[in-house]
file coords_27.tsv (TSV, C-alpha atoms and all ligand atoms)
chain	number	residue	atom	x	y	z
M	1	MET	CA	13.65	-85.21	22.97
M	2	LEU	CA	10.89	-83.56	20.92
M	3	ARG	CA	8.99	-86.07	18.77
M	4	LEU	CA	7.21	-85.32	15.50
M	5	GLY	CA	3.90	-87.10	15.07
M	6	VAL	CA	2.91	-87.02	11.40
M	7	ASN	CA	-0.86	-87.01	10.97
M	8	ILE	CA	-1.68	-88.85	7.73
M	9	ASP	CA	-5.49	-88.46	7.79
M	10	HIS	CA	-5.41	-86.23	4.70
M	11	VAL	CA	-3.76	-88.95	2.64
M	12	ALA	CA	-6.79	-91.10	3.45
M	13	THR	CA	-9.06	-88.14	2.58
M	14	LEU	CA	-7.59	-88.13	-0.93
M	15	ARG	CA	-8.11	-91.89	-1.24
M	16	GLN	CA	-11.72	-91.62	-0.06
M	17	ALA	CA	-12.40	-88.89	-2.66
M	18	ARG	CA	-12.33	-91.66	-5.29
M	19	GLY	CA	-13.23	-94.59	-3.05
M	20	GLY	CA	-10.28	-96.57	-4.38
M	21	ARG	CA	-7.06	-97.89	-2.89
M	22	GLU	CA	-4.64	-95.02	-3.43
M	23	PRO	CA	-2.97	-93.10	-2.04
M	24	ASP	CA	-2.71	-95.63	0.77
M	25	PRO	CA	-2.01	-94.07	4.20
M	26	VAL	CA	0.09	-97.17	4.91
M	27	TRP	CA	2.55	-96.08	2.17
M	28	ALA	CA	2.46	-92.56	3.57
M	29	ALA	CA	3.37	-93.88	7.01
M	30	VAL	CA	6.39	-95.74	5.61
M	31	LEU	CA	7.56	-92.64	3.73
M	32	ALA	CA	6.99	-90.43	6.78
M	33	GLU	CA	9.08	-92.82	8.86
M	34	LEU	CA	11.86	-92.65	6.25
M	35	GLY	CA	11.72	-88.86	6.64
M	36	GLY	CA	12.17	-89.16	10.40
M	37	ALA	CA	8.62	-89.25	11.81
M	38	ASP	CA	8.77	-90.36	15.43
M	39	VAL	CA	5.04	-91.08	15.66
M	40	ILE	CA	2.31	-91.84	13.11
M	41	THR	CA	-0.97	-90.19	14.05
M	42	ILE	CA	-4.41	-91.12	12.67
M	43	HIS	CA	-7.95	-90.23	13.66
M	44	LEU	CA	-10.58	-92.96	13.33
M	45	ARG	CA	-13.69	-90.81	13.09
M	46	GLU	CA	-17.10	-92.15	13.92
M	47	ASP	CA	-18.23	-91.20	10.36
M	48	ARG	CA	-15.11	-92.89	8.81
M	49	ARG	CA	-14.61	-89.89	6.53
M	50	HIS	CA	-10.89	-90.62	6.04
M	51	ILE	CA	-9.14	-93.32	8.10
M	52	GLN	CA	-10.84	-96.75	7.89
M	53	ASP	CA	-10.78	-99.66	10.35
M	54	ARG	CA	-8.48	-101.56	7.98
M	55	ASP	CA	-5.94	-98.72	8.08
M	56	VAL	CA	-5.73	-98.92	11.86
M	57	ARG	CA	-5.23	-102.68	11.76
M	58	VAL	CA	-2.59	-102.61	9.01
M	59	LEU	CA	-0.73	-99.64	10.53
M	60	LYS	CA	-0.60	-101.38	13.89
M	61	GLU	CA	1.22	-104.24	12.13
M	62	THR	CA	3.47	-102.16	9.85
M	63	CYS	CA	4.42	-99.02	11.79
M	64	ARG	CA	7.92	-99.23	13.17
M	65	VAL	CA	7.37	-96.11	15.29
M	66	ARG	CA	4.65	-95.40	17.81
M	67	LEU	CA	1.06	-95.33	16.52
M	68	ASN	CA	-1.08	-92.56	18.02
M	69	LEU	CA	-4.81	-93.17	17.47
M	70	GLU	CA	-7.11	-90.18	17.94
M	71	ILE	CA	-10.56	-91.20	19.11
M	72	ALA	CA	-13.73	-89.60	20.42
M	73	LEU	CA	-15.93	-90.89	23.24
M	74	ASP	CA	-17.68	-93.29	20.88
M	75	PRO	CA	-18.27	-96.86	22.14
M	76	GLY	CA	-17.67	-98.48	18.72
M	77	VAL	CA	-14.39	-96.66	18.10
M	78	LEU	CA	-13.26	-97.24	21.68
M	79	ALA	CA	-13.86	-100.98	21.24
M	80	ILE	CA	-11.64	-100.98	18.13
M	81	ALA	CA	-8.92	-99.05	19.98
M	82	THR	CA	-8.85	-101.45	22.92
M	83	GLU	CA	-8.79	-104.42	20.54
M	84	ILE	CA	-6.00	-103.10	18.28
M	85	ARG	CA	-4.01	-101.47	21.11
M	86	PRO	CA	-2.05	-98.61	19.54
M	87	GLY	CA	0.85	-97.28	21.61
M	88	GLN	CA	-1.12	-94.15	22.40
M	89	ALA	CA	-4.75	-93.04	22.23
M	90	THR	CA	-5.52	-89.33	22.17
M	91	PHE	CA	-9.09	-88.46	23.11
M	92	VAL	CA	-10.51	-85.66	20.97
M	93	PRO	CA	-13.96	-84.08	20.66
M	94	GLU	CA	-15.84	-84.86	17.46
M	95	ARG	CA	-18.73	-83.23	15.67
M	96	ARG	CA	-20.02	-84.52	12.34
M	97	GLN	CA	-20.47	-81.02	10.91
M	98	GLU	CA	-16.90	-79.87	11.58
M	99	ARG	CA	-14.18	-79.88	8.93
M	100	THR	CA	-11.51	-80.71	11.46
M	101	THR	CA	-11.18	-80.92	15.26
M	102	GLU	CA	-12.12	-77.35	16.11
M	103	GLY	CA	-11.43	-77.22	19.84
M	104	GLY	CA	-10.29	-79.23	22.82
M	105	LEU	CA	-12.34	-81.68	24.88
M	106	ASP	CA	-14.40	-80.46	27.80
M	107	ALA	CA	-12.78	-82.85	30.27
M	108	VAL	CA	-14.44	-81.07	33.20
M	109	ALA	CA	-17.96	-81.67	31.88
M	110	ASP	CA	-17.16	-85.16	30.54
M	111	LEU	CA	-15.16	-86.35	33.54
M	112	ALA	CA	-17.24	-89.46	34.30
M	113	ARG	CA	-17.44	-90.72	30.71
M	114	LEU	CA	-13.75	-90.00	30.19
M	115	ALA	CA	-12.81	-91.82	33.42
M	116	ASP	CA	-14.48	-94.96	32.10
M	117	ALA	CA	-12.92	-94.69	28.60
M	118	VAL	CA	-9.45	-93.79	29.93
M	119	GLY	CA	-9.64	-96.74	32.34
M	120	ARG	CA	-10.46	-99.13	29.49
M	121	CYS	CA	-7.50	-97.89	27.44
M	122	LYS	CA	-5.14	-98.13	30.38
M	123	ASP	CA	-6.35	-101.68	31.11
M	124	ALA	CA	-5.51	-102.52	27.47
M	125	GLY	CA	-1.97	-101.17	27.97
M	126	ILE	CA	-2.53	-98.01	25.90
M	127	GLU	CA	-1.00	-94.70	27.02
M	128	VAL	CA	-3.65	-91.98	27.02
M	129	ALA	CA	-3.48	-88.32	26.04
M	130	LEU	CA	-6.30	-85.74	26.14
M	131	PHE	CA	-6.63	-83.00	23.50
M	132	LEU	CA	-7.39	-79.84	25.49
M	133	ASP	CA	-7.56	-76.10	25.16
M	134	ALA	CA	-4.99	-74.14	27.17
M	135	ASP	CA	-7.18	-73.92	30.26
M	136	LEU	CA	-6.06	-74.69	33.82
M	137	ALA	CA	-9.39	-76.25	34.84
M	138	GLN	CA	-9.02	-78.70	31.93
M	139	VAL	CA	-5.46	-79.53	32.99
M	140	ASP	CA	-6.75	-80.18	36.49
M	141	ALA	CA	-9.33	-82.63	35.10
M	142	ALA	CA	-6.59	-84.40	33.10
M	143	VAL	CA	-4.54	-84.79	36.29
M	144	ARG	CA	-7.56	-86.25	38.10
M	145	LEU	CA	-8.10	-88.69	35.24
M	146	GLY	CA	-4.54	-89.96	35.59
M	147	VAL	CA	-3.69	-89.68	31.90
M	148	HIS	CA	-0.15	-89.91	30.58
M	149	ALA	CA	-0.15	-86.71	28.50
M	150	VAL	CA	-2.02	-83.60	27.48
M	151	GLU	CA	-1.99	-82.39	23.87
M	152	PHE	CA	-2.81	-78.69	23.69
M	153	HIS	CA	-4.89	-77.42	20.78
M	154	THR	CA	-2.80	-74.80	18.99
M	155	GLY	CA	-5.52	-73.79	16.51
M	156	ARG	CA	-6.23	-70.42	18.12
M	157	TYR	CA	-2.51	-69.63	18.17
M	158	ALA	CA	-2.20	-70.65	14.51
M	159	ASP	CA	-5.27	-68.64	13.46
M	160	ALA	CA	-4.43	-65.48	15.45
M	161	ALA	CA	-5.13	-62.37	13.37
M	162	THR	CA	-2.44	-60.13	14.89
M	163	PRO	CA	1.02	-60.64	16.47
M	164	GLN	CA	-0.44	-59.45	19.80
M	165	GLU	CA	-3.20	-62.03	19.65
M	166	MET	CA	-0.67	-64.70	18.75
M	167	GLU	CA	1.53	-63.74	21.70
M	168	ALA	CA	-1.47	-63.88	24.06
M	169	GLU	CA	-2.36	-67.39	22.82
M	170	LEU	CA	1.26	-68.44	23.19
M	171	GLU	CA	1.34	-67.15	26.76
M	172	ALA	CA	-1.85	-69.10	27.59
M	173	LEU	CA	-0.27	-72.23	26.10
M	174	ARG	CA	2.94	-71.70	28.10
M	175	ARG	CA	0.98	-71.27	31.35
M	176	ALA	CA	-1.11	-74.40	30.78
M	177	ALA	CA	2.03	-76.27	29.68
M	178	ARG	CA	3.79	-75.38	32.95
M	179	ALA	CA	0.84	-76.65	35.00
M	180	THR	CA	0.83	-79.88	32.98
M	181	VAL	CA	4.53	-80.56	33.42
M	182	ASP	CA	4.44	-79.57	37.13
M	183	ALA	CA	1.71	-82.19	37.61
M	184	GLY	CA	4.00	-84.83	36.06
M	185	LEU	CA	2.14	-85.21	32.76
M	186	GLU	CA	3.81	-85.29	29.35
M	187	LEU	CA	3.36	-82.27	27.11
M	188	HIS	CA	2.11	-82.49	23.51
M	189	ALA	CA	0.65	-79.91	21.11
M	190	GLY	CA	-0.86	-79.75	17.67
M	191	HIS	CA	-3.33	-78.36	15.16
M	192	GLY	CA	-2.70	-75.70	12.55
M	193	LEU	CA	1.07	-75.87	12.97
M	194	ASN	CA	3.08	-75.16	9.84
M	195	TYR	CA	6.62	-74.39	8.69
M	196	GLN	CA	6.25	-70.72	9.66
M	197	ASN	CA	4.62	-70.95	13.09
M	198	VAL	CA	6.06	-74.15	14.59
M	199	ALA	CA	9.18	-72.70	16.27
M	200	PRO	CA	7.61	-70.93	19.29
M	201	ILE	CA	5.51	-74.01	20.07
M	202	ALA	CA	8.47	-76.38	19.65
M	203	GLY	CA	10.37	-74.05	22.00
M	204	ILE	CA	7.89	-74.30	24.91
M	205	GLU	CA	9.81	-75.79	27.82
M	206	SER	CA	9.42	-79.57	28.22
M	207	MET	CA	7.43	-79.97	24.97
M	208	ARG	CA	7.70	-83.66	24.03
M	209	GLU	CA	5.47	-84.22	20.96
M	210	LEU	CA	4.00	-82.14	18.14
M	211	ASN	CA	1.31	-83.66	15.92
M	212	ILE	CA	1.25	-82.06	12.48
M	213	GLY	CA	-0.80	-83.11	9.46
M	214	HIS	CA	-2.18	-80.60	6.99
M	215	ALA	CA	1.01	-78.58	6.49
M	216	ILE	CA	3.13	-81.68	5.88
M	217	VAL	CA	0.65	-83.35	3.50
M	218	SER	CA	0.21	-80.04	1.61
M	219	ARG	CA	3.96	-79.66	1.29
M	220	ALA	CA	4.32	-83.27	0.14
M	221	VAL	CA	1.78	-82.64	-2.66
M	222	SER	CA	3.61	-79.46	-3.68
M	223	ILE	CA	7.13	-80.82	-3.80
M	224	GLY	CA	6.01	-84.08	-5.41
M	225	MET	CA	4.02	-82.45	-8.26
M	226	THR	CA	6.91	-81.89	-10.69
M	227	GLN	CA	8.08	-85.50	-10.40
M	228	ALA	CA	4.53	-86.86	-10.73
M	229	VAL	CA	3.90	-84.88	-13.94
M	230	ARG	CA	7.30	-85.89	-15.35
M	231	GLU	CA	6.46	-89.57	-14.79
M	232	MET	CA	3.07	-89.23	-16.53
M	233	LYS	CA	4.72	-87.54	-19.54
M	234	GLN	CA	7.18	-90.44	-19.71
M	235	ALA	CA	4.30	-92.98	-19.60
M	236	MET	CA	2.58	-91.12	-22.48
M	237	GLU	CA	5.74	-90.81	-24.54
M	238	LEU	CA	6.38	-94.55	-24.24
M	239	ALA	CA	3.06	-95.17	-26.02
M	240	LEU	CA	4.14	-92.95	-28.97
M	241	ARG	CA	7.44	-94.75	-29.62
R	1	LIG	N1	-3.66	-83.09	16.84
R	1	LIG	C1	-4.96	-83.42	16.89
R	1	LIG	C2	-5.51	-83.96	18.18
R	1	LIG	C3	-5.79	-83.29	15.76
R	1	LIG	O1	-7.09	-83.63	15.84
R	1	LIG	C4	-5.22	-82.81	14.56
R	1	LIG	C5	-6.09	-82.66	13.34
R	1	LIG	O2	-6.62	-83.86	12.94
R	1	LIG	C6	-3.86	-82.51	14.54
R	1	LIG	C7	-3.11	-82.63	15.70
R	1	LIG	C8	-3.17	-82.05	13.29
R	1	LIG	O3	-3.68	-80.83	12.84
R	1	LIG	P1	-3.21	-80.23	11.45
R	1	LIG	O4	-3.70	-81.16	10.38
R	1	LIG	O5	-3.83	-78.88	11.41
R	1	LIG	O6	-1.71	-80.19	11.49

call {"tool": "encode", "arguments": {"input": "coords_27.tsv", "output": "structure tokens", "more": "lines below"}}
Ligand code: PXP
result
Amino acid sequence: MLRLGVNIDHVATLRQARGGREPDPVWAAVLAELGGADVITIHLREDRRHIQDRDVRVLKETCRVRLNLEIALDPGVLAIATEIRPGQATFVPERRQERTTEGGLDAVADLARLADAVGRCKDAGIEVALFLDADLAQVDAAVRLGVHAVEFHTGRYADAATPQEMEAELEALRRAARATVDAGLELHAGHGLNYQNVAPIAGIESMRELNIGHAIVSRAVSIGMTQAVREMKQAMELALR
């Protein structure tokens, strides 16, 4: 089975733009589940730019499907993860200056720190995934760390400027995916996937989970706009009666 993890960070981004209470990512999670989401994915960033600690706590209580918490190697965030115990933690790199997660982890360079963090999550009963570029040395490090899954960063595939470049990125992803599955790890992918480019990634053999955020939240805003405007007109017209 191929699961869809719906990343609702951008709903929280919209809430934080006004510093108020809506739109609440908890509502978004319920609606995503009604649409068939198999996983709810959130990233608790060290700078708390979108998802807040409260969101993680409430979602842990309210999500009926698996909660996938993306975290960096940050002691404070790791402590929250091991306390709240989502079903899955995905380790991602994090830089304050970036708009979004721009590349995979360097699990080779960070092996010792990751071993400690992965061990803590596993002790807390959390399944662990690593967000990696399609690189065999990185897959090898993931195998050594004994994680449950690897999520491959599909950003370079999504941003490819030509069909040839896209095919080359796809081939690199397929090769790394084969090595991952051969080593007995579960295969995930995500970043930059949209309605047009998802099919070849979904079709990679043994793919088990895709995490998709921006395209789904963008589409939700687009298809909900007409209804939202209609409701505001009705609210205004009521005042004129
Ligand atoms: N997977 C991971 C590990 C991510 O960090 C992100 C972005 O937050 C996504 C998937 C989703 O990316 P997008 O919003 O481009 O679909």

call {"tool": "residues_around", "arguments": {"input": "coords_27.tsv", "residues": "Phe152 of chain M", "least_positions_apart": "5", "cutoff": "10 Å", "atoms": "only C-alpha atoms", "output": "list of chain:residue names"}}
result
M:Gly103, M:Gly104, M:Ala129, M:Leu130, M:Phe131, M:Leu132, M:Asp133, M:Ala134, M:Asp135, M:Val139, M:Leu173, M:Ala176, M:Ala177, M:Leu187, M:His188, M:Ala189, M:Gly190, M:His191, M:Leu210

call {"tool": "residues_near_ligand", "arguments": {"input": "coords_27.tsv", "ligand": "ligand LIG 1 (chain R)", "cutoff": "10 Å", "atoms": "only C-alpha atoms and all ligand atoms", "output": "PyMOL selection string"}}
result
chain M and resi 5-10+41-45+68-71+89-94+99-105+129-132+150-155+158+188-194+210-218

call {"tool": "write_last_selection", "arguments": {"input": "coords_27.tsv", "atoms": "C-alpha atoms", "output": "PDB file, in the coordinates of the input"}}
result
ATOM      1  CA  GLY M   5       3.900 -87.100  15.070  1.00  0.00           C
ATOM      2  CA  VAL M   6       2.910 -87.020  11.400  1.00  0.00           C
ATOM      3  CA  ASN M   7      -0.860 -87.010  10.970  1.00  0.00           C
ATOM      4  CA  ILE M   8      -1.680 -88.850   7.730  1.00  0.00           C
ATOM      5  CA  ASP M   9      -5.490 -88.460   7.790  1.00  0.00           C
ATOM      6  CA  HIS M  10      -5.410 -86.230   4.700  1.00  0.00           C
ATOM      7  CA  THR M  41      -0.970 -90.190  14.050  1.00  0.00           C
ATOM      8  CA  ILE M  42      -4.410 -91.120  12.670  1.00  0.00           C
ATOM      9  CA  HIS M  43      -7.950 -90.230  13.660  1.00  0.00           C
ATOM     10  CA  LEU M  44     -10.580 -92.960  13.330  1.00  0.00           C
ATOM     11  CA  ARG M  45     -13.690 -90.810  13.090  1.00  0.00           C
ATOM     12  CA  ASN M  68      -1.080 -92.560  18.020  1.00  0.00           C
ATOM     13  CA  LEU M  69      -4.810 -93.170  17.470  1.00  0.00           C
ATOM     14  CA  GLU M  70      -7.110 -90.180  17.940  1.00  0.00           C
ATOM     15  CA  ILE M  71     -10.560 -91.200  19.110  1.00  0.00           C
ATOM     16  CA  ALA M  89      -4.750 -93.040  22.230  1.00  0.00           C
ATOM     17  CA  THR M  90      -5.520 -89.330  22.170  1.00  0.00           C
ATOM     18  CA  PHE M  91      -9.090 -88.460  23.110  1.00  0.00           C
ATOM     19  CA  VAL M  92     -10.510 -85.660  20.970  1.00  0.00           C
ATOM     20  CA  PRO M  93     -13.960 -84.080  20.660  1.00  0.00           C
ATOM     21  CA  GLU M  94     -15.840 -84.860  17.460  1.00  0.00           C
ATOM     22  CA  ARG M  99     -14.180 -79.880   8.930  1.00  0.00           C
ATOM     23  CA  THR M 100     -11.510 -80.710  11.460  1.00  0.00           C
ATOM     24  CA  THR M 101     -11.180 -80.920  15.260  1.00  0.00           C
ATOM     25  CA  GLU M 102     -12.120 -77.350  16.110  1.00  0.00           C
ATOM     26  CA  GLY M 103     -11.430 -77.220  19.840  1.00  0.00           C
ATOM     27  CA  GLY M 104     -10.290 -79.230  22.820  1.00  0.00           C
ATOM     28  CA  LEU M 105     -12.340 -81.680  24.880  1.00  0.00           C
ATOM     29  CA  ALA M 129      -3.480 -88.320  26.040  1.00  0.00           C
ATOM     30  CA  LEU M 130      -6.300 -85.740  26.140  1.00  0.00           C
ATOM     31  CA  PHE M 131      -6.630 -83.000  23.500  1.00  0.00           C
ATOM     32  CA  LEU M 132      -7.390 -79.840  25.490  1.00  0.00           C
ATOM     33  CA  VAL M 150      -2.020 -83.600  27.480  1.00  0.00           C
ATOM     34  CA  GLU M 151      -1.990 -82.390  23.870  1.00  0.00           C
ATOM     35  CA  PHE M 152      -2.810 -78.690  23.690  1.00  0.00           C
ATOM     36  CA  HIS M 153      -4.890 -77.420  20.780  1.00  0.00           C
ATOM     37  CA  THR M 154      -2.800 -74.800  18.990  1.00  0.00           C
ATOM     38  CA  GLY M 155      -5.520 -73.790  16.510  1.00  0.00           C
ATOM     39  CA  ALA M 158      -2.200 -70.650  14.510  1.00  0.00           C
ATOM     40  CA  HIS M 188       2.110 -82.490  23.510  1.00  0.00           C
ATOM     41  CA  ALA M 189       0.650 -79.910  21.110  1.00  0.00           C
ATOM     42  CA  GLY M 190      -0.860 -79.750  17.670  1.00  0.00           C
ATOM     43  CA  HIS M 191      -3.330 -78.360  15.160  1.00  0.00           C
ATOM     44  CA  GLY M 192      -2.700 -75.700  12.550  1.00  0.00           C
ATOM     45  CA  LEU M 193       1.070 -75.870  12.970  1.00  0.00           C
ATOM     46  CA  ASN M 194       3.080 -75.160   9.840  1.00  0.00           C
ATOM     47  CA  LEU M 210       4.000 -82.140  18.140  1.00  0.00           C
ATOM     48  CA  ASN M 211       1.310 -83.660  15.920  1.00  0.00           C
ATOM     49  CA  ILE M 212       1.250 -82.060  12.480  1.00  0.00           C
ATOM     50  CA  GLY M 213      -0.800 -83.110   9.460  1.00  0.00           C
ATOM     51  CA  HIS M 214      -2.180 -80.600   6.990  1.00  0.00           C
ATOM     52  CA  ALA M 215       1.010 -78.580   6.490  1.00  0.00           C
ATOM     53  CA  ILE M 216       3.130 -81.680   5.880  1.00  0.00           C
ATOM     54  CA  VAL M 217       0.650 -83.350   3.500  1.00  0.00           C
ATOM     55  CA  SER M 218       0.210 -80.040   1.610  1.00  0.00           C
TER      56      SER M 218
END

call {"tool": "closest_residue", "arguments": {"input": "coords_27.tsv", "among": "M:Leu170, M:Val229, M:Val181, M:Ala142", "to": "Ala199 of chain M", "atoms": "only C-alpha atoms"}}
result
M:Leu170

call {"tool": "closest_residue", "arguments": {"input": "coords_27.tsv", "among": "M:Ile51, M:Val65, M:Val221, M:Ala17", "to": "Val30 of chain M", "atoms": "all atoms listed in the file"}}
result
M:Val65

call {"tool": "residues_near_point", "arguments": {"input": "coords_27.tsv", "point": "(-5.4, -92.7, 38.2)", "cutoff": "12 Å", "atoms": "all atoms listed in the file", "output": "list in words"}}
result
Leu114, Ala115, Asp116, Val118, Gly119, Arg120, Lys122, Asp123, Val128, Ala141, Ala142, Val143, Arg144, Leu145, Gly146, Val147, His148 and Leu185 of chain M

call {"tool": "atom_distance", "arguments": {"input": "coords_27.tsv", "atom1": "atom CA of Gly224 of chain M", "atom2": "atom CA of Met236 of chain M"}}
result
18.8 Å

call {"tool": "atom_distance", "arguments": {"input": "coords_27.tsv", "atom1": "atom CA of Lys60 of chain M", "atom2": "atom CA of Ile84 of chain M"}}
result
7.2 Å

call {"tool": "closest_residue", "arguments": {"input": "coords_27.tsv", "among": "M:Gln16, M:Gln52, M:Arg156, M:Glu83", "to": "Ala168 of chain M", "atoms": "all atoms listed in the file"}}
result
M:Arg156

call {"tool": "closest_residue", "arguments": {"input": "coords_27.tsv", "among": "M:Ala124, M:Met232, M:Ala28, M:Ala239", "to": "Leu14 of chain M", "atoms": "all atoms listed in the file"}}
result
M:Ala28

call {"tool": "atom_distance", "arguments": {"input": "coords_27.tsv", "atom1": "atom CA of Val198 of chain M", "atom2": "atom CA of Arg3 of chain M"}}
result
13.0 Å

call {"tool": "closest_residue", "arguments": {"input": "coords_27.tsv", "among": "M:Arg178, M:Leu4, M:Pro163, M:Gly76", "to": "Arg208 of chain M", "atoms": "all atoms listed in the file"}}
result
M:Leu4

call {"tool": "closest_residue", "arguments": {"input": "coords_27.tsv", "among": "M:Arg96, M:Arg230, M:Arg219, M:Arg85", "to": "Asp47 of chain M", "atoms": "only C-alpha atoms"}}
result
M:Arg96

call {"tool": "residues_around", "arguments": {"input": "coords_27.tsv", "residues": "Tyr157 of chain M", "least_positions_apart": "5", "cutoff": "8 Å", "atoms": "all atoms listed in the file", "output": "PyMOL selection string"}}
result
chain M and resi 165-167+169-170

call {"tool": "decode", "arguments": {"input": "coords_27.tsv", "residues": "segment 78-105 of chain M", "atoms": "C-alpha atoms", "output": "PDB file, in the first residue's frame"}}
result
ATOM      1  CA  LEU M  78      13.997  16.131  20.348  1.00  0.00           C
ATOM      2  CA  ALA M  79      12.883  16.324  23.997  1.00  0.00           C
ATOM      3  CA  ILE M  80       9.372  17.316  22.881  1.00  0.00           C
ATOM      4  CA  ALA M  81       9.277  14.467  20.346  1.00  0.00           C
ATOM      5  CA  THR M  82      10.284  11.836  22.891  1.00  0.00           C
ATOM      6  CA  GLU M  83       7.743  13.203  25.373  1.00  0.00           C
ATOM      7  CA  ILE M  84       4.808  13.377  22.925  1.00  0.00           C
ATOM      8  CA  ARG M  85       5.747  10.192  21.035  1.00  0.00           C
ATOM      9  CA  PRO M  86       4.341  10.571  17.521  1.00  0.00           C
ATOM     10  CA  GLY M  87       4.057   7.356  15.508  1.00  0.00           C
ATOM     11  CA  GLN M  88       6.985   8.423  13.365  1.00  0.00           C
ATOM     12  CA  ALA M  89       9.786  10.980  13.559  1.00  0.00           C
ATOM     13  CA  THR M  90      11.533  12.029  10.361  1.00  0.00           C
ATOM     14  CA  PHE M  91      14.916  13.658  10.894  1.00  0.00           C
ATOM     15  CA  VAL M  92      15.492  16.579   8.532  1.00  0.00           C
ATOM     16  CA  PRO M  93      18.242  19.199   8.216  1.00  0.00           C
ATOM     17  CA  GLU M  94      17.278  22.716   9.234  1.00  0.00           C
ATOM     18  CA  ARG M  95      18.715  26.134   8.516  1.00  0.00           C
ATOM     19  CA  ARG M  96      17.088  29.309   9.791  1.00  0.00           C
ATOM     20  CA  GLN M  97      17.673  31.180   6.526  1.00  0.00           C
ATOM     21  CA  GLU M  98      15.976  28.597   4.301  1.00  0.00           C
ATOM     22  CA  ARG M  99      12.400  28.927   3.078  1.00  0.00           C
ATOM     23  CA  THR M 100      11.850  25.195   3.205  1.00  0.00           C
ATOM     24  CA  THR M 101      13.942  22.046   3.710  1.00  0.00           C
ATOM     25  CA  GLU M 102      16.333  22.477   0.802  1.00  0.00           C
ATOM     26  CA  GLY M 103      18.248  19.198   0.857  1.00  0.00           C
ATOM     27  CA  GLY M 104      18.657  15.923   2.664  1.00  0.00           C
ATOM     28  CA  LEU M 105      20.575  15.274   5.885  1.00  0.00           C
TER      29      LEU M 105
END
